[in-house]
file run.cif (mmCIF, C-alpha atoms and all ligand atoms)
data_protein
loop_
_atom_site.label_atom_id
_atom_site.label_comp_id
_atom_site.auth_asym_id
_atom_site.auth_seq_id
_atom_site.Cartn_x
_atom_site.Cartn_y
_atom_site.Cartn_z
CA MET U 10 98.92 168.23 -36.82
CA GLY U 11 99.83 165.79 -39.63
CA THR U 12 103.37 165.06 -40.72
CA ALA U 13 103.23 166.07 -44.40
CA ALA U 14 105.56 169.02 -45.01
CA ALA U 15 103.94 172.25 -46.19
CA PRO U 16 104.81 173.13 -49.79
CA THR U 17 106.66 176.40 -50.41
CA PRO U 18 104.43 179.21 -51.75
CA ALA U 19 106.13 179.05 -55.17
CA GLU U 20 104.92 175.54 -55.87
CA THR U 21 101.37 175.76 -54.55
CA THR U 22 98.07 175.45 -56.35
CA PRO U 23 94.87 176.83 -54.80
CA ALA U 24 93.98 173.33 -53.57
CA ASP U 25 97.35 173.15 -51.81
CA SER U 26 97.43 176.76 -50.59
CA ASP U 27 98.02 177.73 -46.99
CA LEU U 28 94.36 178.80 -46.74
CA VAL U 29 93.01 175.40 -47.79
CA ARG U 30 95.61 173.58 -45.68
CA ALA U 31 94.84 175.64 -42.56
CA ALA U 32 91.13 175.03 -43.14
CA ARG U 33 91.77 171.28 -43.16
CA GLY U 34 94.14 171.42 -40.16
CA LEU U 35 97.25 170.55 -42.22
CA PRO U 36 100.70 172.17 -41.74
CA VAL U 37 101.16 175.55 -43.44
CA SER U 38 104.23 177.51 -44.56
CA ARG U 39 102.77 180.66 -42.89
CA THR U 40 99.47 181.52 -41.23
CA PRO U 41 97.19 182.53 -44.13
CA VAL U 42 95.62 185.97 -43.86
CA TRP U 43 92.76 187.73 -45.63
CA PHE U 44 90.24 190.35 -44.50
CA MET U 45 86.47 190.33 -44.60
CA ARG U 46 85.51 193.36 -46.73
CA GLN U 47 89.06 193.59 -48.07
CA ALA U 48 87.54 194.87 -51.31
CA GLY U 49 85.55 198.02 -50.96
CA ARG U 50 85.55 201.41 -49.45
CA SER U 51 88.93 201.36 -47.69
CA LEU U 52 90.57 201.31 -51.17
CA PRO U 53 90.80 204.48 -53.30
CA GLU U 54 91.09 202.32 -56.44
CA TYR U 55 87.75 200.71 -55.51
CA ARG U 56 86.03 204.04 -55.01
CA ALA U 57 87.37 205.22 -58.40
CA LEU U 58 86.17 202.10 -60.23
CA ARG U 59 82.74 202.05 -58.55
CA ALA U 60 82.03 205.75 -59.22
CA GLY U 61 78.78 206.03 -61.18
CA THR U 62 77.78 202.34 -60.88
CA ALA U 63 75.23 201.18 -58.32
CA MET U 64 76.48 198.46 -55.95
CA LEU U 65 74.12 195.74 -57.22
CA GLN U 66 74.88 196.61 -60.86
CA ALA U 67 78.60 196.32 -60.14
CA CYS U 68 78.05 192.87 -58.59
CA GLN U 69 76.50 191.61 -61.87
CA ASP U 70 79.23 192.96 -64.18
CA PRO U 71 81.95 190.28 -64.61
CA ASP U 72 84.60 192.88 -65.61
CA LEU U 73 83.99 194.99 -62.49
CA VAL U 74 83.66 191.94 -60.21
CA THR U 75 86.98 190.57 -61.47
CA GLU U 76 88.87 193.84 -61.12
CA ILE U 77 87.44 194.79 -57.71
CA THR U 78 88.11 191.28 -56.35
CA LEU U 79 91.74 191.43 -57.52
CA GLN U 80 92.50 194.92 -56.14
CA PRO U 81 93.18 193.92 -52.51
CA VAL U 82 95.13 190.82 -53.59
CA ARG U 83 97.53 192.95 -55.64
CA ARG U 84 97.80 195.69 -53.06
CA HIS U 85 98.09 193.71 -49.81
CA GLY U 86 99.44 190.30 -50.85
CA VAL U 87 96.66 188.54 -48.93
CA ASP U 88 96.47 184.74 -49.12
CA ALA U 89 92.97 184.67 -50.61
CA ALA U 90 90.60 186.64 -52.79
CA ILE U 91 86.94 186.88 -51.83
CA LEU U 92 84.44 187.28 -54.61
CA PHE U 93 83.10 190.81 -54.82
CA SER U 94 79.36 190.39 -54.44
CA ASP U 95 76.77 190.83 -51.70
CA ILE U 96 74.68 188.45 -49.63
CA VAL U 97 71.44 189.89 -51.06
CA LEU U 98 72.47 189.28 -54.68
CA PRO U 99 70.74 185.85 -55.04
CA LEU U 100 67.47 187.51 -53.98
CA VAL U 101 67.99 190.39 -56.40
CA VAL U 102 68.79 188.05 -59.29
CA ALA U 103 65.64 186.04 -58.46
CA GLY U 104 63.62 189.24 -58.85
CA VAL U 105 63.12 190.57 -55.29
CA ASP U 106 63.08 194.38 -55.29
CA ILE U 107 66.13 195.30 -53.17
CA GLU U 108 68.42 198.30 -53.38
CA ILE U 109 71.73 198.82 -51.58
CA LYS U 110 71.50 202.41 -50.34
CA PRO U 111 74.93 204.03 -49.90
CA GLY U 112 75.75 204.46 -46.22
CA VAL U 113 72.75 202.33 -45.19
CA GLY U 114 72.87 198.84 -46.71
CA PRO U 115 70.25 196.61 -48.33
CA VAL U 116 66.70 198.01 -48.36
CA VAL U 117 63.77 195.75 -49.35
CA ALA U 118 60.83 197.44 -51.13
CA SER U 119 58.16 195.03 -49.82
CA PRO U 120 59.29 193.32 -46.60
CA VAL U 121 58.12 189.77 -45.85
CA ARG U 122 55.46 189.95 -43.12
CA THR U 123 52.99 187.13 -43.88
CA VAL U 124 52.85 183.53 -45.04
CA ALA U 125 51.59 184.80 -48.41
CA ASP U 126 54.68 187.04 -48.69
CA VAL U 127 56.88 183.96 -48.18
CA ASP U 128 55.03 182.03 -50.87
CA ALA U 129 55.34 184.96 -53.27
CA LEU U 130 59.16 184.99 -53.13
CA PRO U 131 60.52 184.02 -56.55
CA PRO U 132 62.93 181.05 -56.73
CA LEU U 133 66.51 181.55 -57.94
CA GLU U 134 66.95 180.03 -61.41
CA PRO U 135 70.58 178.87 -61.82
CA ASP U 136 70.64 179.98 -65.48
CA ARG U 137 70.41 183.59 -64.30
CA LEU U 138 73.85 183.20 -62.73
CA ASP U 139 75.93 183.06 -65.92
CA PHE U 140 77.55 186.39 -65.00
CA LEU U 141 78.69 184.81 -61.72
CA ALA U 142 80.21 181.72 -63.35
CA THR U 143 81.97 183.98 -65.88
CA ALA U 144 83.44 186.20 -63.15
CA VAL U 145 84.61 183.24 -61.06
CA ARG U 146 86.25 181.49 -64.04
CA ARG U 147 88.09 184.68 -64.99
CA LEU U 148 89.20 185.24 -61.42
CA VAL U 149 90.50 181.71 -61.00
CA ALA U 150 92.52 182.11 -64.21
CA GLU U 151 93.97 185.46 -63.04
CA LEU U 152 94.68 184.37 -59.47
CA GLY U 153 96.93 181.41 -60.27
CA PRO U 154 97.99 179.82 -56.95
CA THR U 155 95.89 182.19 -54.81
CA PRO U 156 92.57 180.62 -53.77
CA LEU U 157 89.24 182.32 -54.40
CA ILE U 158 86.68 182.26 -51.58
CA GLY U 159 83.10 182.02 -52.75
CA PHE U 160 80.36 183.03 -50.35
CA ALA U 161 76.67 183.27 -49.62
CA GLY U 162 74.50 184.75 -46.90
CA ALA U 163 73.05 182.21 -44.48
CA PRO U 164 69.25 181.77 -44.38
CA PHE U 165 68.83 183.53 -41.01
CA THR U 166 70.81 186.66 -41.89
CA LEU U 167 69.02 186.97 -45.24
CA ALA U 168 65.68 186.51 -43.46
CA THR U 169 66.51 189.48 -41.21
CA TYR U 170 66.81 191.79 -44.25
CA LEU U 171 63.64 190.41 -45.87
CA ILE U 172 61.55 190.70 -42.70
CA GLU U 173 62.93 193.94 -41.25
CA GLY U 174 63.05 195.57 -44.69
CA GLY U 175 66.64 196.73 -44.13
CA PRO U 176 69.48 196.86 -41.62
CA SER U 177 68.36 196.53 -37.99
CA LYS U 178 69.96 196.30 -34.56
CA GLU U 179 67.51 194.26 -32.49
CA HIS U 180 65.97 192.12 -35.25
CA ALA U 181 62.76 192.14 -33.18
CA ARG U 182 60.40 191.67 -36.15
CA THR U 183 62.49 188.74 -37.35
CA LYS U 184 62.38 187.05 -33.96
CA ALA U 185 58.65 187.75 -33.55
CA PHE U 186 58.01 186.09 -36.94
CA MET U 187 60.21 183.15 -35.95
CA TYR U 188 58.28 182.62 -32.69
CA ALA U 189 54.77 183.39 -33.95
CA GLU U 190 54.78 181.81 -37.43
CA PRO U 191 56.82 178.61 -37.17
CA ALA U 192 55.42 177.07 -40.36
CA ALA U 193 56.04 180.20 -42.45
CA TRP U 194 59.48 180.57 -40.86
CA GLN U 195 60.37 177.04 -41.86
CA ARG U 196 59.20 177.62 -45.43
CA LEU U 197 61.14 180.90 -45.65
CA LEU U 198 64.38 179.45 -44.33
CA GLU U 199 64.06 176.34 -46.53
CA ARG U 200 63.74 178.56 -49.59
CA LEU U 201 66.67 180.73 -48.57
CA ALA U 202 68.78 177.61 -47.99
CA VAL U 203 68.04 176.36 -51.51
CA SER U 204 68.94 179.73 -53.00
CA ALA U 205 72.19 179.99 -50.99
CA ALA U 206 73.18 176.45 -52.02
CA THR U 207 72.48 177.29 -55.68
CA PHE U 208 74.56 180.47 -55.43
CA LEU U 209 77.47 178.59 -53.81
CA ARG U 210 77.26 175.64 -56.21
CA VAL U 211 77.75 177.92 -59.22
CA GLN U 212 80.85 179.44 -57.59
CA VAL U 213 82.32 176.06 -56.67
CA ASP U 214 81.63 174.57 -60.11
CA ALA U 215 83.36 177.58 -61.70
CA GLY U 216 86.49 177.03 -59.56
CA ALA U 217 86.19 178.66 -56.11
CA SER U 218 88.50 176.83 -53.65
CA VAL U 219 86.79 177.60 -50.34
CA VAL U 220 83.33 178.85 -49.37
CA GLN U 221 82.22 181.05 -46.52
CA LEU U 222 78.66 181.18 -45.22
CA PHE U 223 77.99 184.57 -43.62
CA ASP U 224 75.45 184.34 -40.80
CA SER U 225 76.44 187.77 -39.59
CA TRP U 226 73.47 188.39 -37.30
CA ALA U 227 72.96 184.88 -35.82
CA GLY U 228 74.49 186.13 -32.56
CA VAL U 229 71.21 187.85 -31.63
CA LEU U 230 69.70 184.43 -30.87
CA ALA U 231 69.84 182.27 -27.75
CA ALA U 232 71.53 178.92 -28.34
CA PRO U 233 68.37 176.75 -28.09
CA ASP U 234 66.56 178.96 -30.63
CA TYR U 235 69.57 178.94 -32.93
CA ALA U 236 69.74 175.14 -32.65
CA SER U 237 66.09 174.54 -33.48
CA CYS U 238 65.12 177.44 -35.79
CA VAL U 239 68.34 178.26 -37.70
CA LEU U 240 71.01 175.57 -37.60
CA PRO U 241 69.04 172.98 -39.66
CA TYR U 242 68.77 175.41 -42.58
CA SER U 243 72.45 176.44 -42.52
CA ARG U 244 73.30 172.75 -42.40
CA ALA U 245 71.06 172.24 -45.45
CA VAL U 246 73.16 174.81 -47.35
CA PHE U 247 76.36 172.92 -46.57
CA ASP U 248 74.69 169.56 -47.29
CA GLY U 249 73.56 170.94 -50.65
CA LEU U 250 77.21 171.62 -51.45
CA ALA U 251 78.37 168.19 -50.35
CA ALA U 252 75.94 166.58 -52.81
CA GLY U 253 78.31 167.43 -55.64
CA ARG U 254 79.84 165.27 -58.33
CA ALA U 255 80.88 161.75 -57.37
CA GLY U 256 84.47 161.52 -56.18
CA GLU U 257 84.72 165.28 -55.70
CA ARG U 258 86.73 166.27 -52.63
CA ALA U 259 84.61 168.28 -50.22
CA ILE U 260 85.54 171.94 -50.45
CA PRO U 261 86.53 173.62 -47.15
CA ARG U 262 83.73 175.60 -45.54
CA ILE U 263 84.03 178.64 -43.28
CA HIS U 264 81.01 179.50 -41.14
CA PHE U 265 80.96 183.01 -39.69
CA GLY U 266 78.79 185.17 -37.46
CA VAL U 267 79.17 188.15 -35.11
CA GLY U 268 78.48 187.91 -31.36
CA THR U 269 78.34 184.11 -31.57
CA GLY U 270 80.47 183.31 -28.50
CA GLU U 271 77.62 181.27 -26.97
CA LEU U 272 76.87 179.58 -30.32
CA LEU U 273 80.37 178.53 -31.42
CA PRO U 274 79.90 174.76 -30.96
CA LEU U 275 76.59 174.94 -32.86
CA ILE U 276 78.09 177.06 -35.66
CA ALA U 277 80.78 174.37 -35.96
CA ASP U 278 78.24 171.54 -35.88
CA ALA U 279 76.26 173.00 -38.81
CA GLY U 280 78.91 171.66 -41.19
CA ALA U 281 81.97 173.90 -40.90
CA ASP U 282 85.66 173.10 -41.29
CA VAL U 283 86.53 176.59 -40.06
CA VAL U 284 84.57 178.58 -37.47
CA GLY U 285 84.68 182.37 -37.77
CA VAL U 286 85.21 184.13 -34.44
CA ASP U 287 84.59 187.82 -33.80
CA TRP U 288 86.75 189.87 -31.37
CA ARG U 289 84.77 189.02 -28.21
CA VAL U 290 86.18 185.53 -27.55
CA PRO U 291 89.97 184.99 -27.70
CA LEU U 292 91.02 182.21 -30.08
CA ASP U 293 92.43 179.93 -27.39
CA GLU U 294 89.06 180.05 -25.61
CA ALA U 295 87.21 179.61 -28.94
CA ALA U 296 89.37 176.53 -29.66
CA ARG U 297 88.31 175.11 -26.31
CA ARG U 298 84.63 175.77 -27.09
CA VAL U 299 84.60 174.12 -30.55
CA GLY U 300 86.97 171.25 -29.73
CA PRO U 301 89.83 169.77 -31.73
CA GLY U 302 87.91 168.96 -34.94
CA TYR U 303 87.74 172.52 -36.29
CA SER U 304 90.02 175.30 -37.52
CA LEU U 305 89.35 178.91 -36.54
CA GLN U 306 89.27 182.20 -38.43
CA GLY U 307 89.51 185.69 -36.92
CA ASN U 308 89.61 187.54 -34.55
CA LEU U 309 91.34 190.92 -34.56
CA ASP U 310 88.98 193.75 -33.61
CA PRO U 311 88.60 195.85 -36.82
CA ALA U 312 88.82 199.00 -34.66
CA VAL U 313 92.38 198.07 -33.61
CA LEU U 314 93.46 198.98 -37.16
CA LEU U 315 92.49 202.61 -36.41
CA ALA U 316 94.96 202.74 -33.46
CA ASP U 317 98.72 203.48 -33.37
CA ARG U 318 101.25 201.05 -34.88
CA ALA U 319 102.48 199.67 -31.52
CA THR U 320 98.92 198.72 -30.56
CA VAL U 321 98.29 197.14 -33.96
CA ASP U 322 101.48 195.07 -33.63
CA ARG U 323 100.72 193.99 -30.09
CA GLU U 324 97.17 192.87 -30.94
CA VAL U 325 98.20 191.10 -34.17
CA THR U 326 100.89 189.22 -32.24
CA ARG U 327 98.39 188.21 -29.57
CA VAL U 328 95.91 186.86 -32.14
CA VAL U 329 98.65 184.90 -33.97
CA GLU U 330 99.82 183.39 -30.67
CA GLN U 331 96.35 182.51 -29.39
CA GLY U 332 95.50 181.05 -32.81
CA ARG U 333 98.14 178.36 -32.23
CA ALA U 334 95.68 176.71 -29.84
CA ALA U 335 93.42 175.84 -32.79
CA ARG U 336 93.76 172.91 -35.20
CA GLY U 337 94.41 175.49 -37.93
CA HIS U 338 94.22 179.29 -37.96
CA VAL U 339 93.19 181.65 -40.75
CA PHE U 340 94.10 185.17 -39.66
CA ASN U 341 91.28 187.67 -40.24
CA LEU U 342 89.41 190.43 -38.50
CA GLY U 343 86.48 189.71 -36.19
CA HIS U 344 84.22 191.45 -38.75
CA GLY U 345 84.68 193.55 -41.90
CA VAL U 346 87.32 196.21 -42.57
CA LEU U 347 85.97 199.60 -41.44
CA PRO U 348 85.77 202.03 -44.39
CA GLU U 349 88.03 204.58 -42.65
CA THR U 350 90.91 202.05 -42.29
CA ASP U 351 94.25 203.15 -43.77
CA PRO U 352 95.00 200.53 -46.46
CA GLY U 353 98.72 200.78 -45.57
CA VAL U 354 97.91 199.30 -42.17
CA LEU U 355 96.24 196.28 -43.82
CA THR U 356 99.34 195.64 -45.94
CA HIS U 357 101.47 195.91 -42.79
CA VAL U 358 99.27 193.38 -40.96
CA VAL U 359 99.67 190.87 -43.80
CA GLU U 360 103.47 191.22 -43.63
CA LEU U 361 103.52 190.98 -39.85
CA VAL U 362 101.32 187.85 -39.71
CA HIS U 363 103.55 186.17 -42.30
CA GLU U 364 106.71 187.16 -40.45
CA LEU U 365 105.42 185.98 -37.06
CA SER U 366 104.25 182.64 -38.41
CA ALA U 367 106.93 181.71 -40.98
CA ARG U 368 108.60 178.42 -40.25
O1 LIG R 401 78.70 201.20 -52.08
C1 LIG R 401 79.37 200.37 -51.45
O2 LIG R 401 80.60 200.29 -51.57
C2 LIG R 401 78.52 199.46 -50.61
C3 LIG R 401 79.23 198.81 -49.48
C4 LIG R 401 79.16 197.31 -49.65
C5 LIG R 401 80.18 196.47 -50.13
C6 LIG R 401 81.56 196.86 -50.60
C7 LIG R 401 78.03 196.52 -49.37
C8 LIG R 401 76.71 196.98 -48.93
N1 LIG R 401 78.35 195.21 -49.66
C9 LIG R 401 79.65 195.15 -50.12
C10 LIG R 401 80.38 193.96 -50.59
C11 LIG R 401 80.29 192.75 -49.79
N2 LIG R 401 79.23 192.40 -49.02
C12 LIG R 401 81.25 191.73 -49.77
C13 LIG R 401 82.46 191.78 -50.67
C14 LIG R 401 83.64 190.99 -50.48
C15 LIG R 401 84.65 191.49 -49.44
O3 LIG R 401 84.53 191.13 -48.25
O4 LIG R 401 85.61 192.16 -49.83
C16 LIG R 401 80.77 190.75 -48.89
C17 LIG R 401 81.44 189.47 -48.48
C18 LIG R 401 79.50 191.17 -48.44
C19 LIG R 401 78.63 190.40 -47.57
C20 LIG R 401 77.61 191.09 -46.78
N3 LIG R 401 76.70 192.04 -47.16
C21 LIG R 401 77.31 190.77 -45.44
C22 LIG R 401 78.02 189.69 -44.67
C23 LIG R 401 79.30 190.22 -44.16
C24 LIG R 401 79.20 191.17 -43.00
O5 LIG R 401 79.61 192.30 -43.14
O6 LIG R 401 78.69 190.73 -41.95
C25 LIG R 401 76.26 191.56 -45.00
C26 LIG R 401 75.60 191.58 -43.64
C27 LIG R 401 75.87 192.37 -46.09
C28 LIG R 401 74.80 193.33 -46.14
C29 LIG R 401 75.33 194.66 -46.47
N4 LIG R 401 75.68 195.02 -47.74
C30 LIG R 401 76.19 196.30 -47.72
C31 LIG R 401 76.14 196.77 -46.38
C32 LIG R 401 76.57 198.12 -45.93
C33 LIG R 401 75.63 195.72 -45.59
C34 LIG R 401 75.44 195.71 -44.08
C35 LIG R 401 74.25 196.49 -43.65
C36 LIG R 401 73.83 196.22 -42.22
O7 LIG R 401 74.44 196.79 -41.30
O8 LIG R 401 72.89 195.43 -42.00
#

call {"tool": "encode", "arguments": {"input": "run.cif", "output": "structure tokens", "more": "lines below"}}
Ligand code: 1CP
result
Amino acid sequence: MGTAAAPTPAETTPADSDLVRAARGLPVSRTPVWFMRQAGRSLPEYRALRAGTAMLQACQDPDLVTEITLQPVRRHGVDAAILFSDIVLPLVVAGVDIEIKPGVGPVVASPVRTVADVDALPPLEPDRLDFLATAVRRLVAELGPTPLIGFAGAPFTLATYLIEGGPSKEHARTKAFMYAEPAAWQRLLERLAVSAATFLRVQVDAGASVVQLFDSWAGVLAAPDYASCVLPYSRAVFDGLAAGRAGERAIPRIHFGVGTGELLPLIADAGADVVGVDWRVPLDEAARRVGPGYSLQGNLDPAVLLADRATVDREVTRVVEQGRAARGHVFNLGHGVLPETDPGVLTHVVELVHELSAR
């Protein structure tokens, strides 16, 4: 820990917020807390606003994006907003035929199965992302001292949707493609890395304070395969961000996946400041696995929020305490908020984390 005193919340800017400070391993006034999927179906005000608009339409409407992103910040007092969007949006904007089916997830009309399919994927033109820059600028203006997290899907997780054609448990087709078609795999992941970097760059240039790369399904891979077939492309996304304007301070990066206990040091090594940890590995053990150079984010089991209040309080307390082993801790769930979660419990968790960690 450094010696600089943490500023009080009243005088912070996004660049000096507890989220950014925890990500850099600096002292904080309280452990920052936000929730993956904090916007969305757990909120009645979200369901009301989304009624009649398809998910991917909503993601391209700056008014809806701004309002939906702000809803959980107003309601819960979380320490960060996360842009309302989806990991498949860069593909959709580029012209790939994808629909988000309610209750299912992203469904791809013509899955990628051959080298020719890879070559036929349209590139993402940055000038198609004006709606995104508009939404981010508006959000940053509305949020004041609260940081906005921009995000993108990592090349591997996006490849799983393109190859499987939709959500999948085993990702067997994806792995078969990876093993059997190494040249096509490389070309596919290179393209997805460029598109993710473009999508993130627009958000950072418009004022996002932190970025998160979601490699949600990377945990299905063995470490050597992750290291050789996936890590280089996720690193390319982060490197693409670093190649910003001269003199620009590198923006903190969070790198997240589910079931990545065996991959944590590699996830860190890809270019993260903060490593996302699901509920399987306690934070003190995760801190040991990544070493002292990284902050951690996570790792409350989202299902705990469906239990009784005493259990919620016990588990939140445990995560806050184990998080002290890390260089910095961003409190979050191990994965997204389950749709059936009582929003009142989320607000309570924010208050409890702040209370337990206030200095
Ligand atoms: O109609 C609806 O409300 C659709 C539900 C929904 C929502 C609210 C989907 C479909 N995406 C989203 C928004 C979303 N997606 C956000 C918003 C910001 C926030 O967290 O509040 C984010 C960050 C994402 C990212 C995303 N989409 C990921 C990575 C995070 C994760 O959950 O691991 C993934 C894997 C997706 C794909 C996706 N989109 C939607 C669903 C249901 C899924 C998962 C499908 C599957 O199981 O494979």

call {"tool": "atom_distance", "arguments": {"input": "run.cif", "atom1": "CA of Leu198 in chain U", "atom2": "CA of Val283 in chain U"}}
result
22.7 Å

call {"tool": "atom_distance", "arguments": {"input": "run.cif", "atom1": "CA of Leu98 in chain U", "atom2": "CA of Val127 in chain U"}}
result
17.7 Å

call {"tool": "residues_near_ligand", "arguments": {"input": "run.cif", "ligand": "ligand LIG 401 (chain R)", "cutoff": "6 Å", "atoms": "all atoms listed in the file", "output": "PyMOL selection string"}}
result
chain U and resi 45-50+64+91-96+109+111+113-115+176+223+225+345

call {"tool": "atom_distance", "arguments": {"input": "run.cif", "atom1": "CA of His85 in chain U", "atom2": "CA of Leu209 in chain U"}}
result
25.9 Å

call {"tool": "closest_residue", "arguments": {"input": "run.cif", "among": "U:Ala32, U:Val101, U:Leu148, U:Ala129", "to": "Ala193 in chain U", "atoms": "all atoms listed in the file"}}
result
U:Ala129

call {"tool": "closest_residue", "arguments": {"input": "run.cif", "among": "U:Val325, U:Val313, U:Ala215, U:Ala295", "to": "Glu360 in chain U", "atoms": "all atoms listed in the file"}}
result
U:Val325

call {"tool": "closest_residue", "arguments": {"input": "run.cif", "among": "U:Val358, U:Thr155, U:Pro291, U:Glu349", "to": "Glu330 in chain U", "atoms": "all atoms listed in the file"}}
result
U:Pro291

call {"tool": "residues_around", "arguments": {"input": "run.cif", "residues": "Phe208 in chain U", "least_positions_apart": "6", "cutoff": "8 Å", "atoms": "all atoms listed in the file", "output": "MDAnalysis selection string"}}
result
chainID U and resid 99 135 138 161

call {"tool": "write_last_selection", "arguments": {"input": "run.cif", "atoms": "C-alpha atoms", "output": "compact mmCIF listing (two decimals), in the frame of the given file"}}
result
# COMPACT_ATOMS: atom_id res chain seq x y z
CA PRO U 99 70.74 185.85 -55.04
CA PRO U 135 70.58 178.87 -61.82
CA LEU U 138 73.85 183.20 -62.73
CA ALA U 161 76.67 183.27 -49.62

call {"tool": "residues_around", "arguments": {"input": "run.cif", "residues": "Thr207 in chain U", "least_positions_apart": "3", "cutoff": "10 Å", "atoms": "only C-alpha atoms", "output": "VMD selection string"}}
result
chain U and resid 99 133 to 135 138 161 201 to 204 210 to 213 246 249 to 250

call {"tool": "write_last_selection", "arguments": {"input": "run.cif", "atoms": "C-alpha atoms", "output": "mmCIF file, in the frame of the given file"}}
result
data_model
loop_
_atom_site.group_PDB
_atom_site.id
_atom_site.type_symbol
_atom_site.label_atom_id
_atom_site.label_comp_id
_atom_site.auth_asym_id
_atom_site.auth_seq_id
_atom_site.Cartn_x
_atom_site.Cartn_y
_atom_site.Cartn_z
ATOM 1 C CA PRO U 99 70.740 185.850 -55.040
ATOM 2 C CA LEU U 133 66.510 181.550 -57.940
ATOM 3 C CA GLU U 134 66.950 180.030 -61.410
ATOM 4 C CA PRO U 135 70.580 178.870 -61.820
ATOM 5 C CA LEU U 138 73.850 183.200 -62.730
ATOM 6 C CA ALA U 161 76.670 183.270 -49.620
ATOM 7 C CA LEU U 201 66.670 180.730 -48.570
ATOM 8 C CA ALA U 202 68.780 177.610 -47.990
ATOM 9 C CA VAL U 203 68.040 176.360 -51.510
ATOM 10 C CA SER U 204 68.940 179.730 -53.000
ATOM 11 C CA ARG U 210 77.260 175.640 -56.210
ATOM 12 C CA VAL U 211 77.750 177.920 -59.220
ATOM 13 C CA GLN U 212 80.850 179.440 -57.590
ATOM 14 C CA VAL U 213 82.320 176.060 -56.670
ATOM 15 C CA VAL U 246 73.160 174.810 -47.350
ATOM 16 C CA GLY U 249 73.560 170.940 -50.650
ATOM 17 C CA LEU U 250 77.210 171.620 -51.450
#

call {"tool": "residues_around", "arguments": {"input": "run.cif", "residues": "Leu355 in chain U", "least_positions_apart": "3", "cutoff": "12 Å", "atoms": "all atoms listed in the file", "output": "ChimeraX atom specification"}}
result
/U:42-48,51-52,81-82,84-87,309,311,313-315,318,321-322,325,341-342,346-352,358-362

call {"tool": "closest_residue", "arguments": {"input": "run.cif", "among": "U:Asp248, U:Leu275, U:Leu157, U:Gly270", "to": "Pro233 in chain U", "atoms": "all atoms listed in the file"}}
result
U:Leu275

call {"tool": "closest_residue", "arguments": {"input": "run.cif", "among": "U:Ala227, U:Ala150, U:Ala245, U:Ala334", "to": "Gly34 in chain U", "atoms": "all atoms listed in the file"}}
result
U:Ala334

call {"tool": "residues_around", "arguments": {"input": "run.cif", "residues": "Ala279 in chain U", "least_positions_apart": "2", "cutoff": "8 Å", "atoms": "all atoms listed in the file", "output": "list of chain:residue names"}}
result
U:Leu240, U:Pro241, U:Ser243, U:Arg244, U:Phe247, U:Leu275, U:Ile276, U:Ala277, U:Ala281
